[in-house]
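Colleague: Data file final.pdb (PDB, C-alpha atoms) is appended below.
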MODEL        1
ATOM      1  CA  ASP A1158     161.971 141.194 118.463
ATOM      2  CA  ILE A1159     163.706 139.012 121.019
ATOM      3  CA  LEU A1160     164.510 141.979 123.244
ATOM      4  CA  ALA A1161     160.897 143.101 123.133
ATOM      5  CA  GLN A1162     159.793 139.607 124.157
ATOM      6  CA  LEU A1163     162.273 139.621 127.030
ATOM      7  CA  LYS A1164     160.988 142.978 128.218
ATOM      8  CA  ASP A1165     157.374 141.795 128.014
ATOM      9  CA  GLN A1166     158.209 138.582 129.850
ATOM     10  CA  ALA A1167     160.049 140.493 132.572
ATOM     11  CA  GLN A1168     157.095 142.808 133.064
ATOM     12  CA  ILE A1169     154.684 139.891 133.220
ATOM     13  CA  ASN A1170     156.703 138.008 135.801
ATOM     14  CA  ASN A1171     157.873 141.103 137.700
ATOM     15  CA  PHE A1172     160.078 138.685 139.508
ATOM     16  CA  LYS A1173     162.430 141.214 141.113
ATOM     17  CA  SER A1174     159.907 142.402 143.674
ATOM     18  CA  THR A1175     158.627 138.854 144.136
ATOM     19  CA  LEU A1176     162.173 137.579 144.741
ATOM     20  CA  LYS A1177     162.806 140.226 147.384
ATOM     21  CA  GLN A1178     159.555 139.353 149.111
ATOM     22  CA  LEU A1179     160.233 135.586 149.005
ATOM     23  CA  HIS A1180     163.827 136.073 150.086
ATOM     24  CA  ASN A1181     162.706 137.931 153.153
ATOM     25  CA  GLU A1182     160.463 135.027 154.091
ATOM     26  CA  GLN A1183     162.392 131.958 155.239
ATOM     27  CA  ASN A1184     159.718 129.314 154.463
ATOM     28  CA  ASN A1185     159.245 130.105 150.791
ATOM     29  CA  ARG A1186     162.158 128.163 149.297
ATOM     30  CA  ASP A1187     159.807 126.053 147.096
ATOM     31  CA  LYS A1188     158.052 129.147 145.801
ATOM     32  CA  LEU A1189     161.404 130.721 145.040
ATOM     33  CA  VAL A1190     162.567 127.670 143.074
ATOM     34  CA  LYS A1191     159.282 127.547 141.151
ATOM     35  CA  LEU A1192     159.430 131.247 140.318
ATOM     36  CA  THR A1193     163.040 130.878 139.182
ATOM     37  CA  GLU A1194     162.139 127.953 136.922
ATOM     38  CA  GLU A1195     159.145 129.803 135.452
ATOM     39  CA  THR A1196     161.309 132.819 134.809
ATOM     40  CA  LEU A1197     164.185 130.845 133.311
ATOM     41  CA  GLU A1198     162.023 128.729 130.948
ATOM     42  CA  PRO A1199     161.182 131.506 128.443
ATOM     43  CA  LEU A1200     164.733 132.837 128.737
ATOM     44  CA  LEU A1201     166.173 129.414 127.903
ATOM     45  CA  GLN A1202     163.840 129.129 124.899
ATOM     46  CA  MET A1203     164.966 132.546 123.687
ATOM     47  CA  ARG A1204     168.585 131.532 124.250
ATOM     48  CA  GLN A1205     168.027 128.475 122.002
ATOM     49  CA  ARG A1206     166.464 130.654 119.281
ATOM     50  CA  ILE A1207     169.365 133.096 119.518
ATOM     51  CA  HIS A1208     171.914 130.264 119.188
ATOM     52  CA  LYS A1209     170.030 128.848 116.202
ATOM     53  CA  SER A1210     169.934 132.280 114.595
ATOM     54  CA  ILE A1211     173.663 132.699 115.149
ATOM     55  CA  ALA A1212     174.294 129.237 113.676
ATOM     56  CA  ASP A1213     172.257 130.169 110.568
ATOM     57  CA  GLN A1214     174.180 133.408 110.011
ATOM     58  CA  PRO A1215     177.138 131.974 108.011
ATOM     59  CA  GLU A1216     174.847 130.230 105.505
ATOM     60  CA  LEU A1217     172.730 133.346 105.130
ATOM     61  CA  LEU A1218     175.825 135.521 104.753
ATOM     62  CA  ASN A1219     177.220 133.189 102.056
ATOM     63  CA  GLU A1220     173.949 133.381 100.113
ATOM     64  CA  ILE A1221     173.932 137.195 100.373
ATOM     65  CA  LEU A1222     177.555 137.378  99.183
ATOM     66  CA  TYR A1223     176.822 134.993  96.299
ATOM     67  CA  GLN A1224     173.788 136.988  95.144
ATOM     68  CA  ASN A1225     175.772 140.213  95.515
ATOM     69  CA  SER A1226     178.576 138.858  93.318
ATOM     70  CA  ILE A1227     176.064 137.917  90.623
ATOM     71  CA  PHE A1228     174.510 141.379  90.808
ATOM     72  CA  THR A1229     177.925 143.067  90.697
ATOM     73  CA  LYS A1230     178.991 141.064  87.631
ATOM     74  CA  GLN A1231     175.761 141.948  85.816
ATOM     75  CA  GLN A1232     176.153 145.595  86.771
ATOM     76  CA  GLN A1233     179.746 145.656  85.486
ATOM     77  CA  GLN A1234     178.684 143.931  82.278
ATOM     78  CA  ASN A1235     175.904 146.473  81.743
ATOM     79  CA  GLU A1236     178.326 149.329  82.371
ATOM     80  CA  SER A1237     180.815 147.927  79.865
ATOM     81  CA  ASN A1238     178.054 147.600  77.251
ATOM     82  CA  THR A1239     176.971 151.226  77.420
ATOM     83  CA  ASP A1240     178.179 154.160  75.368
ATOM     84  CA  ASP A1241     178.598 157.795  76.427
ATOM     85  CA  SER A1242     174.855 158.414  76.468
ATOM     86  CA  GLY A1243     174.371 155.501  78.844
ATOM     87  CA  SER A1244     172.315 153.416  76.462
ATOM     88  CA  ASN A1245     173.036 149.876  75.449
ATOM     89  CA  PRO A1246     174.326 149.666  71.837
ATOM     90  CA  THR A1247     172.933 146.183  71.371
ATOM     91  CA  SER A1248     169.482 147.548  72.142
ATOM     92  CA  LYS A1249     170.053 150.391  69.695
ATOM     93  CA  GLN A1250     171.170 147.955  67.041
ATOM     94  CA  ARG A1251     168.111 145.808  67.608
ATOM     95  CA  ILE A1252     165.815 148.809  67.331
ATOM     96  CA  GLU A1253     167.533 149.988  64.144
ATOM     97  CA  GLU A1254     167.326 146.492  62.663
ATOM     98  CA  ALA A1255     163.640 146.279  63.576
ATOM     99  CA  LEU A1256     162.983 149.669  61.949
ATOM    100  CA  GLU A1257     164.824 148.571  58.808
ATOM    101  CA  GLU A1258     162.746 145.371  58.717
ATOM    102  CA  LEU A1259     159.595 147.428  59.128
ATOM    103  CA  ARG A1260     160.603 149.739  56.273
ATOM    104  CA  ALA A1261     161.314 146.724  54.053
ATOM    105  CA  VAL A1262     157.921 145.203  54.871
ATOM    106  CA  LEU A1263     156.147 148.515  54.166
ATOM    107  CA  ASN A1264     157.945 148.837  50.801
ATOM    108  CA  LYS A1265     156.976 145.285  49.908
ATOM    109  CA  LEU A1266     153.368 145.996  50.886
ATOM    110  CA  ASP A1267     153.345 149.106  48.652
ATOM    111  CA  LYS A1268     154.718 147.112  45.695
ATOM    112  CA  ASP A1269     152.278 144.276  46.356
ATOM    113  CA  LYS A1270     149.399 146.790  46.474
ATOM    114  CA  GLU A1271     150.458 148.241  43.130
ATOM    115  CA  THR A1272     150.594 144.723  41.666
ATOM    116  CA  TYR A1273     147.194 143.901  43.168
ATOM    117  CA  ASP A1274     145.696 147.112  41.712
ATOM    118  CA  ILE A1275     147.035 146.205  38.218
ATOM    119  CA  ILE A1276     145.700 142.653  38.526
ATOM    120  CA  ALA A1277     142.330 143.951  39.782
ATOM    121  CA  LEU A1278     142.038 146.253  36.725
ATOM    122  CA  ARG A1279     142.879 143.380  34.366
ATOM    123  CA  LEU A1280     140.374 141.113  36.116
ATOM    124  CA  ASP A1281     137.680 143.783  35.819
ATOM    125  CA  GLY A1282     138.431 144.055  32.069
ATOM    126  CA  LEU A1283     138.327 140.279  31.668
ATOM    127  CA  LYS A1284     135.057 140.140  33.582
ATOM    128  CA  GLU A1285     133.460 142.746  31.284
ATOM    129  CA  ARG A1286     134.742 140.901  28.212
ATOM    130  CA  ALA A1287     133.406 137.592  29.572
ATOM    131  CA  GLU A1288     130.004 139.197  30.234
ATOM    132  CA  GLU A1289     129.927 140.605  26.686
ATOM    133  CA  LEU A1290     130.881 137.228  25.199
ATOM    134  CA  SER A1291     128.310 135.508  27.353
ATOM    135  CA  ALA A1292     125.605 137.948  26.243
ATOM    136  CA  ARG A1293     126.623 137.544  22.550
ATOM    137  CA  LEU A1294     126.663 133.748  22.869
ATOM    138  CA  ALA A1295     123.262 133.796  24.563
ATOM    139  CA  HIS A1296     121.906 136.013  21.761
ATOM    140  CA  GLU A1297     123.408 133.743  19.060
ATOM    141  CA  ARG A1298     121.999 130.640  20.799
ATOM    142  CA  LEU A1299     118.540 132.172  20.957
ATOM    143  CA  GLU A1300     118.806 133.187  17.264
ATOM    144  CA  HIS A1301     119.929 129.713  16.357
ATOM    145  CA  GLN A1302     117.029 128.191  18.304
ATOM    146  CA  ASP A1303     114.611 130.548  16.581
ATOM    147  CA  ASN A1304     116.067 129.635  13.193
ATOM    148  CA  VAL A1305     115.869 125.909  13.937
ATOM    149  CA  SER A1306     112.305 126.287  15.193
ATOM    150  CA  ALA A1307     111.342 128.303  12.114
ATOM    151  CA  ARG A1308     112.950 125.786   9.738
ATOM    152  CA  LEU A1309     111.203 122.890  11.485
ATOM    153  CA  ALA A1310     107.912 124.718  11.357
ATOM    154  CA  HIS A1311     108.433 125.531   7.693
ATOM    155  CA  GLU A1312     109.343 121.911   6.893
ATOM    156  CA  ARG A1313     106.186 120.666   8.560
ATOM    157  CA  LEU A1314     104.125 122.957   6.511
ATOM    158  CA  GLU A1315     105.530 121.727   3.287
TER
ENDMDL
END
Before we go any further, please render this structure as structure tokens.

Modeller:
Amino acid sequence: DILAQLKDQAQINNFKSTLKQLHNEQNNRDKLVKLTEETLEPLLQMRQRIHKSIADQPELLNEILYQNSIFTKQQQQNESNTDDSGSNPTSKQRIEEALEELRAVLNKLDKDKETYDIIALRLDGLKERAEELSARLAHERLEHQDNVSARLAHERLE
């Protein structure tokens, strides 16, 4: 990036041919100084950026080395936790435990369904019995009301 900028700046200023021309002319000392200053200004700025970049290199290198050491430790830990097939046994164990849990839950659901079916049958039987008792009680109540009404009517007649 910096080299490309230098090349572009050199092409823009094209100071080599201008320097030769000004050097050949004796009265152009001021122009020569001005051209030199204009040419040196971007170069000095680039020089400052280069020095700053160089100064930042150790900190950047330390950060890269630190991150690399963390990565290397994790990689070594992963390698030590793998079996011959390359898979992590802790992951296998977790999957097996999850499958066992799932089987246990499914078995419990099956047993609970059986219990629910038995309870549902008993509730249906109790409901039928309650409906029969309710119908019998309603019939007996109506009979009793008819009997009371008939007795009252018979007593009035007497």

Colleague: What does the structure give for the distance between CA of Glu1300 in chain A and CA of Asp1281 in chain A, in Å to one decimal?

Modeller: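 Separation between CA of Glu1300 in chain A and CA of Asp1281 in chain A: 28.5 Å.
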
Colleague: When you draw a straight line from CA of Met1203 in chain A to CA of Lys1188 in chain A, how long is it in Å?

Modeller: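 Separation of CA of Met1203 in chain A and CA of Lys1188 in chain A: 23.4 Å.
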
Colleague: To one decimal place, how far is CA of Leu1218 in chain A from CA of Glu1236 in chain A in Å?

Modeller: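 Computed distance, CA of Leu1218 in chain A to CA of Glu1236 in chain A, equals 26.4 Å.
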
Colleague: Please report, as lines of an AutoDock Vina configuration file, the centre and edge lengths in Å to one decimal of an axis-aligned box covering all listed atoms of range 1287-1305 of chain A with 8 Å per side.

Modeller:
center_x = 124.0
center_y = 133.3
center_z = 21.7
size_x = 34.8
size_y = 30.7
size_z = 33.0

Colleague: Save range 1223-1234 of chain A to a file: N, CA and C atoms, as an mmCIF file, in the first residue's frame.

Modeller:
data_model
loop_
_atom_site.group_PDB
_atom_site.id
_atom_site.type_symbol
_atom_site.label_atom_id
_atom_site.label_comp_id
_atom_site.auth_asym_id
_atom_site.auth_seq_id
_atom_site.Cartn_x
_atom_site.Cartn_y
_atom_site.Cartn_z
ATOM 1 N N TYR A 1223 0.012 -14.720 21.753
ATOM 2 C CA TYR A 1223 -0.892 -15.069 22.855
ATOM 3 C C TYR A 1223 -2.106 -15.847 22.331
ATOM 4 N N GLN A 1224 -2.739 -15.333 21.295
ATOM 5 C CA GLN A 1224 -3.901 -16.019 20.718
ATOM 6 C C GLN A 1224 -3.510 -17.386 20.165
ATOM 7 N N ASN A 1225 -2.324 -17.481 19.582
ATOM 8 C CA ASN A 1225 -1.848 -18.754 19.050
ATOM 9 C C ASN A 1225 -1.638 -19.766 20.174
ATOM 10 N N SER A 1226 -1.100 -19.314 21.307
ATOM 11 C CA SER A 1226 -0.895 -20.238 22.428
ATOM 12 C C SER A 1226 -2.228 -20.754 22.968
ATOM 13 N N ILE A 1227 -3.215 -19.888 23.037
ATOM 14 C CA ILE A 1227 -4.552 -20.320 23.469
ATOM 15 C C ILE A 1227 -5.104 -21.355 22.494
ATOM 16 N N PHE A 1228 -4.996 -21.081 21.217
ATOM 17 C CA PHE A 1228 -5.486 -22.004 20.194
ATOM 18 C C PHE A 1228 -4.757 -23.339 20.281
ATOM 19 N N THR A 1229 -3.444 -23.294 20.447
ATOM 20 C CA THR A 1229 -2.639 -24.517 20.516
ATOM 21 C C THR A 1229 -3.042 -25.356 21.725
ATOM 22 N N LYS A 1230 -3.225 -24.713 22.872
ATOM 23 C CA LYS A 1230 -3.649 -25.442 24.076
ATOM 24 C C LYS A 1230 -5.000 -26.109 23.866
ATOM 25 N N GLN A 1231 -5.947 -25.384 23.279
ATOM 26 C CA GLN A 1231 -7.269 -25.965 23.012
ATOM 27 C C GLN A 1231 -7.172 -27.122 22.038
ATOM 28 N N GLN A 1232 -6.334 -26.962 21.028
ATOM 29 C CA GLN A 1232 -6.159 -28.029 20.033
ATOM 30 C C GLN A 1232 -5.575 -29.270 20.692
ATOM 31 N N GLN A 1233 -4.559 -29.082 21.547
ATOM 32 C CA GLN A 1233 -3.945 -30.218 22.241
ATOM 33 C C GLN A 1233 -4.942 -30.887 23.181
ATOM 34 N N GLN A 1234 -5.751 -30.078 23.840
ATOM 35 C CA GLN A 1234 -6.760 -30.623 24.753
ATOM 36 C C GLN A 1234 -7.791 -31.432 23.971
#
